[in-house]
$ cat protein-v3.csv   # CSV, C-alpha atoms
chain,number,residue,atom,x,y,z
A,674,MET,CA,-11.7,-44.8,-48.0
A,675,GLU,CA,-8.2,-44.5,-46.6
A,676,SER,CA,-6.7,-44.4,-50.1
A,677,LEU,CA,-9.0,-41.6,-51.0
A,678,ASP,CA,-7.8,-39.6,-48.0
A,679,ASN,CA,-4.2,-40.3,-49.0
A,680,LEU,CA,-4.9,-39.0,-52.6
A,681,VAL,CA,-6.6,-35.8,-51.2
A,682,THR,CA,-3.7,-35.3,-48.9
A,683,GLU,CA,-1.2,-35.7,-51.7
A,684,GLN,CA,-3.1,-33.2,-53.9
A,685,ILE,CA,-3.2,-30.7,-51.1
A,686,MET,CA,0.6,-31.1,-50.5
A,687,GLU,CA,1.2,-30.4,-54.2
A,688,THR,CA,-0.6,-27.1,-54.2
A,689,GLU,CA,1.4,-23.9,-53.8
A,690,ASN,CA,-0.9,-22.3,-51.2
A,691,PRO,CA,1.2,-21.5,-48.2
A,692,ALA,CA,-1.9,-21.6,-45.9
A,693,ILE,CA,-2.0,-25.3,-46.4
A,694,ILE,CA,1.6,-26.4,-46.7
A,695,GLY,CA,4.1,-26.6,-43.8
A,696,ASN,CA,3.9,-26.2,-40.1
A,697,ASP,CA,5.5,-22.8,-39.6
A,698,ILE,CA,3.3,-19.8,-38.7
A,699,GLY,CA,4.9,-17.9,-41.6
A,700,ASP,CA,4.0,-20.7,-44.0
A,701,LYS,CA,0.4,-20.7,-42.8
A,702,MET,CA,-0.1,-17.1,-43.6
A,703,LEU,CA,-1.8,-16.4,-46.9
A,704,SER,CA,0.2,-14.7,-49.6
A,705,GLN,CA,-1.1,-11.5,-51.1
A,706,GLU,CA,-1.6,-13.1,-54.5
A,707,SER,CA,-3.8,-15.8,-53.1
A,708,VAL,CA,-6.0,-13.3,-51.3
A,709,LEU,CA,-6.4,-10.5,-53.8
A,710,PRO,CA,-7.9,-10.8,-57.3
A,711,ALA,CA,-5.6,-10.3,-60.2
A,712,GLU,CA,-6.6,-6.7,-60.9
A,713,MET,CA,-5.9,-5.6,-57.3
A,714,SER,CA,-2.5,-7.4,-56.8
A,715,GLY,CA,-0.4,-4.5,-58.2
A,716,VAL,CA,-2.0,-1.7,-56.0
A,717,GLU,CA,0.7,-1.8,-53.3
A,718,ASP,CA,3.5,-1.2,-55.9
A,719,GLN,CA,2.2,2.2,-56.9
A,720,PRO,CA,3.3,5.1,-54.7
A,721,ILE,CA,0.5,7.1,-53.0
A,722,ALA,CA,0.4,10.6,-54.4
A,723,LEU,CA,-0.2,13.3,-51.8
A,724,GLU,CA,-1.6,16.6,-53.0
A,725,TRP,CA,-1.8,20.1,-51.7
A,726,LYS,CA,-2.9,23.4,-53.1
A,727,CYS,CA,-0.7,26.5,-53.1
A,728,LEU,CA,-2.1,29.1,-50.7
A,729,VAL,CA,-1.4,32.0,-53.1
A,730,CYS,CA,-2.1,30.7,-56.7
A,731,ASP,CA,-4.2,27.6,-55.9
A,732,ALA,CA,-1.9,25.5,-58.1
A,733,LEU,CA,-2.0,21.8,-57.4
A,734,ILE,CA,1.2,20.6,-55.6
A,735,THR,CA,1.9,16.9,-55.7
A,736,SER,CA,4.3,15.0,-53.6
A,737,ALA,CA,6.8,15.0,-56.5
A,738,VAL,CA,6.9,18.8,-56.5
A,739,ILE,CA,8.8,20.9,-54.0
A,740,ARG,CA,6.5,22.7,-51.6
A,741,TYR,CA,7.3,25.2,-48.9
A,742,ASP,CA,5.6,25.5,-45.5
A,743,VAL,CA,4.3,29.0,-45.0
A,744,LEU,CA,5.2,29.3,-41.3
A,745,TYR,CA,8.6,27.7,-41.3
A,746,THR,CA,10.3,28.8,-44.6
A,747,MET,CA,12.8,31.5,-45.0
A,748,LEU,CA,13.0,33.3,-48.3
A,749,PRO,CA,16.2,32.1,-50.0
A,750,ARG,CA,17.8,35.4,-51.0
A,751,SER,CA,16.3,38.0,-48.7
A,752,GLY,CA,16.3,35.8,-45.6
A,753,VAL,CA,12.8,37.0,-44.5
A,754,LEU,CA,10.4,34.5,-42.9
A,755,LEU,CA,7.8,33.6,-45.6
A,756,CYS,CA,4.8,34.2,-43.3
A,757,ASN,CA,6.0,37.7,-42.5
A,758,SER,CA,6.3,38.6,-46.1
A,759,LEU,CA,2.9,37.0,-46.9
A,760,ASN,CA,1.2,38.9,-44.1
A,761,LYS,CA,2.8,42.2,-45.2
A,762,VAL,CA,1.9,41.7,-48.9
A,763,MET,CA,-1.6,40.2,-48.4
A,764,TRP,CA,-2.6,42.3,-45.4
A,765,THR,CA,-3.2,39.2,-43.4
A,766,ASN,CA,-2.1,37.9,-40.0
A,767,TYR,CA,-1.3,34.3,-40.5
A,768,VAL,CA,0.5,32.9,-37.4
A,769,THR,CA,-1.2,29.5,-37.1
A,770,THR,CA,-2.4,27.0,-39.6
A,771,SER,CA,-5.9,26.9,-38.3
A,772,THR,CA,-6.9,30.1,-40.2
A,773,MET,CA,-5.3,29.0,-43.5
A,774,ARG,CA,-7.0,27.2,-46.3
A,775,SER,CA,-3.5,25.8,-47.2
A,776,THR,CA,-0.2,25.7,-45.4
A,777,VAL,CA,2.1,25.4,-48.4
A,778,ILE,CA,3.1,27.5,-51.4
A,779,CYS,CA,4.7,26.5,-54.7
A,780,GLN,CA,8.2,27.3,-56.0
A,781,VAL,CA,6.9,30.0,-58.3
A,782,CYS,CA,5.1,31.9,-55.5
A,783,LEU,CA,8.1,31.6,-53.2
A,784,ASN,CA,10.3,33.2,-55.8
A,785,LEU,CA,7.8,36.0,-56.3
A,786,PHE,CA,7.8,36.8,-52.6
A,787,ASP,CA,11.6,36.7,-52.5
A,788,ASP,CA,11.8,39.0,-55.6
A,789,LEU,CA,9.3,41.4,-54.0
A,790,GLU,CA,11.3,41.5,-50.7
A,791,LEU,CA,14.5,42.2,-52.6
A,792,ALA,CA,12.8,44.9,-54.7
A,793,GLU,CA,11.4,46.5,-51.5
A,794,GLU,CA,14.8,46.6,-50.0
A,795,GLN,CA,16.3,48.1,-53.1
A,796,CYS,CA,13.5,50.7,-53.1
A,797,ARG,CA,14.3,51.6,-49.4
A,798,ARG,CA,17.9,52.1,-50.3
A,799,LEU,CA,17.2,54.2,-53.3
A,800,ARG,CA,14.7,56.3,-51.3
A,801,PHE,CA,17.3,56.8,-48.5
A,802,THR,CA,19.9,57.8,-51.1
A,803,LEU,CA,17.6,60.3,-52.7
A,804,THR,CA,16.4,61.9,-49.5
A,805,THR,CA,20.0,62.0,-48.1
A,806,ASN,CA,21.2,63.7,-51.3
A,807,PHE,CA,18.3,66.1,-51.2
A,808,ALA,CA,19.0,67.0,-47.6
A,809,LYS,CA,22.6,67.7,-48.4
A,810,SER,CA,21.7,69.9,-51.3
A,811,MET,CA,19.4,72.0,-49.0
A,812,GLU,CA,22.3,72.7,-46.6
A,813,ILE,CA,24.2,74.7,-49.2
$ encode --input "protein-v3.csv" --output "structure tokens"
Amino acid sequence: MESLDNLVTEQIMETENPAIIGNDIGDKMLSQESVLPAEMSGVEDQPIALEWKCLVCDALITSAVIRYDVLYTMLPRSGVLLCNSLNKVMWTNYVTTSTMRSTVICQVCLNLFDDLELAEEQCRRLRFTLTTNFAKSMEI
């Protein structure tokens, strides 16, 4: 009987299962491969993809794509806060995220808002120039 116990003990010692071999706590922990089936063992290696939708165009924005927070982003060329431009164009009053269906916009929509702000500024300058010139011509 004792030789059978020794044989079983030797077979256990030859296995690669860290739950059985050694006296360390770390050695006693099961490895991921010994716990998970073969089809699940690679799940941890894949990055988790986060997804958002653009507030304006509803395009899917994944974690690999650059996204812009509506409340905290300045338009790159005009320097206007994005939520201010959004509120002006869309006739909304977004000041908190609780009223928004999404809090981010995509690069395309950001560029459109920036282009619009620049065009509106150019329109204001042209209007001022025209009205100033007209007022000067009336003084003659």
$ atom_distance --input "protein-v3.csv" --atom1 "CA of Leu789 (chain A)" --atom2 "CA of Ser758 (chain A)"
8.9 Å
$ residues_around --input "protein-v3.csv" --residues "region 741-749 of chain A" --least-positions-apart "6" --cutoff "8 Å" --atoms "only C-alpha atoms" --output "MDAnalysis selection string"
chainID A and resid 755:756 768:769 776:780 783:784 786:787
$ atom_distance --input "protein-v3.csv" --atom1 "CA of Ser775 (chain A)" --atom2 "CA of Leu728 (chain A)"
5.0 Å
$ atom_distance --input "protein-v3.csv" --atom1 "CA of Lys809 (chain A)" --atom2 "CA of Ala792 (chain A)"
25.6 Å
$ residues_around --input "protein-v3.csv" --residues "Leu733 (chain A)" --least-positions-apart "5" --cutoff "9 Å" --atoms "only C-alpha atoms" --output "ChimeraX atom specification"
/A:724-727,779
$ closest_residue --input "protein-v3.csv" --among "A:Ala808, A:Leu754, A:Leu785, A:Leu759" --to "Met773 (chain A)" --atoms "all atoms listed in the file"
A:Leu759
$ closest_residue --input "protein-v3.csv" --among "A:Glu790, A:Thr802, A:Gln795, A:Ile734" --to "Lys761 (chain A)" --atoms "all atoms listed in the file"
A:Glu790
